[in-house]
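*Asks:* My questions will all concern the structure given below.
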Amino acid sequence: MKKFFPLKKIIFLLFFAVLLSTTVKVLPSKADYVGQINSFYLNADYDYYDRQEISAQTIFISDKLYIYADSNWWLSLNAKDKENLYNNLYNLVDKFEKKDYFLLTQTFGSEKNPGLDNDSHIVVLLHKMKNNTTGYTRLADSLPQNQVPLSNEREMIYLDSDVLISADSLSLAPYYLAHEFVHLISFNQKDYNKKGAENDIWLSEARAEYAATLLGYTNILEERKKQFSRNSGVSLTNWQENSNQYAGVNILAHYLVDQYGLRVLVDSLKSPLFGIDSLNDALRKNGYYETFIDVFKNFSLAALFNDCTVNDKYCFKNSQLSQFSIYPLNYYLPDSGLNNLSVSLILNPWAVNALKIVGGSDALKINFNYPADSEINLFYVIVDENNNKVVKFWDYRYGYSGNIYASNLNNGNSSLYLVPLYLPTKNYPPNSLFNLSISSISEEQKISLEKEEEAKMIGTLTNLIEQLKTQVALLTAKLNNLNFSSSKNLITYNVSCVAFQKDLYYGMKNNSEVECLQKMLKEKEPLLYPVGLITGNYLDLTKEAVQKYQQKYNLPQTGYFGPLTRKLANSQWFK
């Protein structure tokens, strides 16, 4: 028999006692006590019995947690089950309060503390859940009832009651609690009542998933690797709460931390923007030029090949992921005779799709096409018999159809991979069609057709360059007009500047310190900032001027007006 733990550590309800208390709808402002019975609202979609409201009583209290149990479930437990539950709760709380709480709050920030109930405790409510749900949080609980009538007006985490009594899930209980706690942090750190917050669900889950690795619960990653390797074609941004999506955002979060550091995940939470926009903001803030589109392209090749020898961005640095890779769709061509194969794929947005083609007795022509309104990016990778890889790329701006040619895959080249990625930006269809046809050709035909395709590509790129030149000319003309118009007013434009105290970065708008930066660049470094605009908006022209300033004085040319650049500018401009 396991021993009970001393009262000075945790107050718990002796399972032999019968404590009577009145059910309350309005929660007391004073501290809860063991045996207290309250009524709580639930998410009926997750409750095993589809309940929207239950009665629950306090069975456990610690420094940071009030643990309540569904009264009906609690009363159904026998004495032995309750004893085991207490011991399991002690172990859970011990890990959370001694390690997990502090590491998570130091990394991502604090939950709302105290909450609406003016109590620093977090309520953990145990009730039976369905559909393999292990836990959840409700944004509604962080809002007052005059805004959301079904709010419990407390910082709350809901856990499946089976988690703490089932031997299969008990070892994962600390992770389940930590995962949901990260969501409480997110509710406090980011305003999810704003327009566009729905685009952040997948990213919030990515941070909560990464918490397992951050806290040392490595068995979670092992399970997520298995799930994602078998089904990587699920959208990671259109959140539907299935296990493959959780696996995908978990692996993606590890890739982001591997390649760009934990600060990118943290700063995306601190950003006032949501989802992909917040990641782009965080990447810029940390001095990276890539956008999330670039990140996702590289992530997809890392998930498929995990090979740093091809490109440092095409692999994972975490030792647990050193052998990880997804399973592509395999297509085997006969070793004799002509080959004709047609494939149509439905691509989900922001999903990793991969096809592998092997076999055949001749050179291959692969024709592909997709709808003109689809922003599809296509990688094709030829792998030789020594596993050397040649990576090529087709951008949708080159056109919405094209051809790829490959030499005999049984003569020097072992396989051909295609990685079509549907990476839309705004107002996009829920999925896109990608059509593929493969046919056999002779090596002589391949050489001739490649020359024709090369000529077409040169023509396409030449047209693109001319279009860009035209756009640049138009923008230059507009800028000159704007500069002329602004210069007439600059005499009366008065900006009073003192030493820079804060970092300034791309995307800031209507900011007085950005105005000062532009004013000082115009006055002190006119050759670096010839346009001389003082708008308060930190956009392309200001970023380029800062990069030139950094280059002139041998600083990292990030375009980010951070500590090193601020220190130099303050010493030169505010003597």
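Ligands are numbered from 1 in the order shown, chains are lettered A, B, ... in the order of the structure tokens, and residues start at 1 in each chain.
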Excluding region 185-194 of chain A and any residue of its chain fewer than 6 positions from it, enumerate the residues within 8 Å of it, using only C-alpha atoms, and give them as a PyMOL selection string.
*Replies:* chain A and resi 105+108-112+139+142+204+269-272
*Asks:* Find the spatial neighbours of region 404-407 of chain A, counting only C-alpha atoms, within a cut-off of 9 Å - ignore same-chain residues fewer than 3 positions away - and output them as a PyMOL selection string.
*Replies:* chain A and resi 362-368+380+382+410-413+416+442-443+446-447+449-450
*Asks:* Taking only C-alpha atoms into account, produce a table as JSON lines in which each residue of region 295-384 of chain A with an atom at most 12 Å from an atom of region 276-283 of chain A appears once, together with its shortest atom pair and the distance in Å to one decimal, ordered by chain and rising number.
*Replies:*
```
{"residue": "A:Val295", "atom": "CA", "partner": "A:Asn280", "partner_atom": "CA", "distance": 9.8}
{"residue": "A:Phe296", "atom": "CA", "partner": "A:Ile276", "partner_atom": "CA", "distance": 10.6}
{"residue": "A:Trp350", "atom": "CA", "partner": "A:Ile276", "partner_atom": "CA", "distance": 10.7}
```
*Asks:* Using DSSP on the backbone, list every residue of region 264-432 of chain A that comes out as helix (DSSP H, G or I), and give them as a PyMOL selection string.
*Replies:* chain A and resi 264-270+275-285+292-304+319-321+396-398
*Asks:* I want to know what sits within 12 Å of Val391 (chain A), based on only C-alpha atoms, with residues of the same chain fewer than 2 positions away left out; could you give that as a list in words?
*Replies:*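 Here the answer would be Asn298, Leu301, Phe305, Asp307, Val310, Asn311, Tyr314, Leu378, Phe379, Tyr380, Val381, Ile382, Val383, Asp384, Asn388, Lys389, Phe393, Trp394, Leu416, Tyr417, Leu418 and Val419 of chain A.
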*Asks:* Store the residues picked out above in a file with C-alpha atoms, as a PDB file, in the first residue's frame.
*Replies:*
```pdb
ATOM      1  CA  ASN A 298      12.346  23.782 -46.289  1.00  0.00           C
ATOM      2  CA  LEU A 301      12.085  18.689 -47.650  1.00  0.00           C
ATOM      3  CA  PHE A 305      14.811  13.585 -46.642  1.00  0.00           C
ATOM      4  CA  ASP A 307      19.591  15.349 -45.038  1.00  0.00           C
ATOM      5  CA  VAL A 310      22.022  18.638 -49.308  1.00  0.00           C
ATOM      6  CA  ASN A 311      21.136  21.823 -47.468  1.00  0.00           C
ATOM      7  CA  TYR A 314      16.673  20.268 -45.118  1.00  0.00           C
ATOM      8  CA  LEU A 378       6.690  22.159 -56.670  1.00  0.00           C
ATOM      9  CA  PHE A 379       9.997  20.620 -55.691  1.00  0.00           C
ATOM     10  CA  TYR A 380      11.364  17.749 -57.752  1.00  0.00           C
ATOM     11  CA  VAL A 381      14.373  15.827 -56.549  1.00  0.00           C
ATOM     12  CA  ILE A 382      16.440  13.323 -58.501  1.00  0.00           C
ATOM     13  CA  VAL A 383      18.328  10.813 -56.345  1.00  0.00           C
ATOM     14  CA  ASP A 384      21.187   8.795 -57.808  1.00  0.00           C
ATOM     15  CA  ASN A 388      23.110  12.090 -53.900  1.00  0.00           C
ATOM     16  CA  LYS A 389      20.220  14.490 -54.425  1.00  0.00           C
ATOM     17  CA  PHE A 393      12.026  23.996 -57.936  1.00  0.00           C
ATOM     18  CA  TRP A 394       9.004  25.113 -59.954  1.00  0.00           C
ATOM     19  CA  LEU A 416      12.483  10.751 -58.552  1.00  0.00           C
ATOM     20  CA  TYR A 417      10.586  12.615 -55.833  1.00  0.00           C
ATOM     21  CA  LEU A 418       7.875  15.198 -56.386  1.00  0.00           C
ATOM     22  CA  VAL A 419       6.841  17.513 -53.536  1.00  0.00           C
TER      23      VAL A 419
END
```
*Asks:* I'd like the contact shell of Lys502 (chain A) - 9 Å cut-off, only C-alpha atoms, skipping same-chain residues fewer than 3 positions apart - returned as a short mmCIF file (atom, residue, chain, number, x, y, z; two decimals) with C-alpha atoms, in the first residue's frame.
*Replies:*
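Saved the output as selection_5.cif:
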```
data_model
loop_
_atom_site.label_atom_id
_atom_site.label_comp_id
_atom_site.auth_asym_id
_atom_site.auth_seq_id
_atom_site.Cartn_x
_atom_site.Cartn_y
_atom_site.Cartn_z
CA GLU A 513 10.73 56.47 -32.63
CA PHE A 561 17.48 48.30 -35.44
CA GLY A 562 18.47 46.32 -32.35
CA PRO A 563 20.90 46.70 -29.42
CA ARG A 566 21.07 51.42 -31.39
#
```
*Asks:* Could you pull the residues within 12 Å of Leu541 (chain A), counting only C-alpha atoms, minus those fewer than 2 positions along the same chain, as a PyMOL selection string?
*Replies:* chain A and resi 476+479+506-507+518+521-522+528-539+543-548+559
*Asks:* Going by DSSP on the backbone, which residues of region 92-240 of chain A come out as strand (DSSP E or B)? List them as a list in words.
*Replies:*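 Taking region 92-240 of chain A and keeping strand (DSSP E or B) gives Ile122, Val123, Val124, Leu125, Leu126, His127, Met129, Gly135, Tyr136, Met156, Ile157, Tyr158, Leu159 and Asp160 of chain A.
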*Asks:* For those residues, write N, CA and C atoms to a file as an mmCIF file, in the first residue's frame.
*Replies:*
```cif
data_model
loop_
_atom_site.group_PDB
_atom_site.id
_atom_site.type_symbol
_atom_site.label_atom_id
_atom_site.label_comp_id
_atom_site.auth_asym_id
_atom_site.auth_seq_id
_atom_site.Cartn_x
_atom_site.Cartn_y
_atom_site.Cartn_z
ATOM 1 N N ILE A 122 -5.247 27.748 -10.067
ATOM 2 C CA ILE A 122 -5.848 27.240 -11.296
ATOM 3 C C ILE A 122 -6.776 26.098 -10.918
ATOM 4 N N VAL A 123 -7.983 26.085 -11.463
ATOM 5 C CA VAL A 123 -8.921 25.000 -11.216
ATOM 6 C C VAL A 123 -8.701 23.911 -12.259
ATOM 7 N N VAL A 124 -8.463 22.690 -11.807
ATOM 8 C CA VAL A 124 -8.382 21.529 -12.688
ATOM 9 C C VAL A 124 -9.611 20.682 -12.424
ATOM 10 N N LEU A 125 -10.446 20.529 -13.429
ATOM 11 C CA LEU A 125 -11.694 19.781 -13.273
ATOM 12 C C LEU A 125 -11.584 18.433 -13.986
ATOM 13 N N LEU A 126 -11.782 17.350 -13.242
ATOM 14 C CA LEU A 126 -11.742 16.005 -13.800
ATOM 15 C C LEU A 126 -13.156 15.551 -14.146
ATOM 16 N N HIS A 127 -13.364 15.201 -15.410
ATOM 17 C CA HIS A 127 -14.646 14.591 -15.789
ATOM 18 C C HIS A 127 -14.400 13.666 -16.984
ATOM 19 N N MET A 129 -14.382 12.094 -20.526
ATOM 20 C CA MET A 129 -14.458 12.696 -21.856
ATOM 21 C C MET A 129 -14.578 11.626 -22.931
ATOM 22 N N GLY A 135 -7.963 16.361 -22.643
ATOM 23 C CA GLY A 135 -8.053 17.617 -21.915
ATOM 24 C C GLY A 135 -8.408 18.768 -22.836
ATOM 25 N N TYR A 136 -8.813 19.881 -22.247
ATOM 26 C CA TYR A 136 -9.113 21.069 -23.036
ATOM 27 C C TYR A 136 -9.162 22.277 -22.121
ATOM 28 N N MET A 156 -9.121 27.849 -15.745
ATOM 29 C CA MET A 156 -9.527 26.456 -15.622
ATOM 30 C C MET A 156 -8.893 25.569 -16.681
ATOM 31 N N ILE A 157 -8.573 24.344 -16.257
ATOM 32 C CA ILE A 157 -8.115 23.270 -17.136
ATOM 33 C C ILE A 157 -9.026 22.077 -16.897
ATOM 34 N N TYR A 158 -9.451 21.442 -17.978
ATOM 35 C CA TYR A 158 -10.318 20.267 -17.885
ATOM 36 C C TYR A 158 -9.508 19.046 -18.320
ATOM 37 N N LEU A 159 -9.456 18.015 -17.476
ATOM 38 C CA LEU A 159 -8.740 16.789 -17.803
ATOM 39 C C LEU A 159 -9.694 15.598 -17.756
ATOM 40 N N ASP A 160 -9.451 14.650 -18.640
ATOM 41 C CA ASP A 160 -10.232 13.425 -18.634
ATOM 42 C C ASP A 160 -9.955 12.666 -17.336
#
```
*Asks:* Show me, as number ranges by chain, the residues that have an atom within 9 Å of Gln245 (chain A) when counting only C-alpha atoms, minus same-chain residues fewer than 5 positions from it.
*Replies:* A: 202, 228, 232, 234-237, 239-240, 250
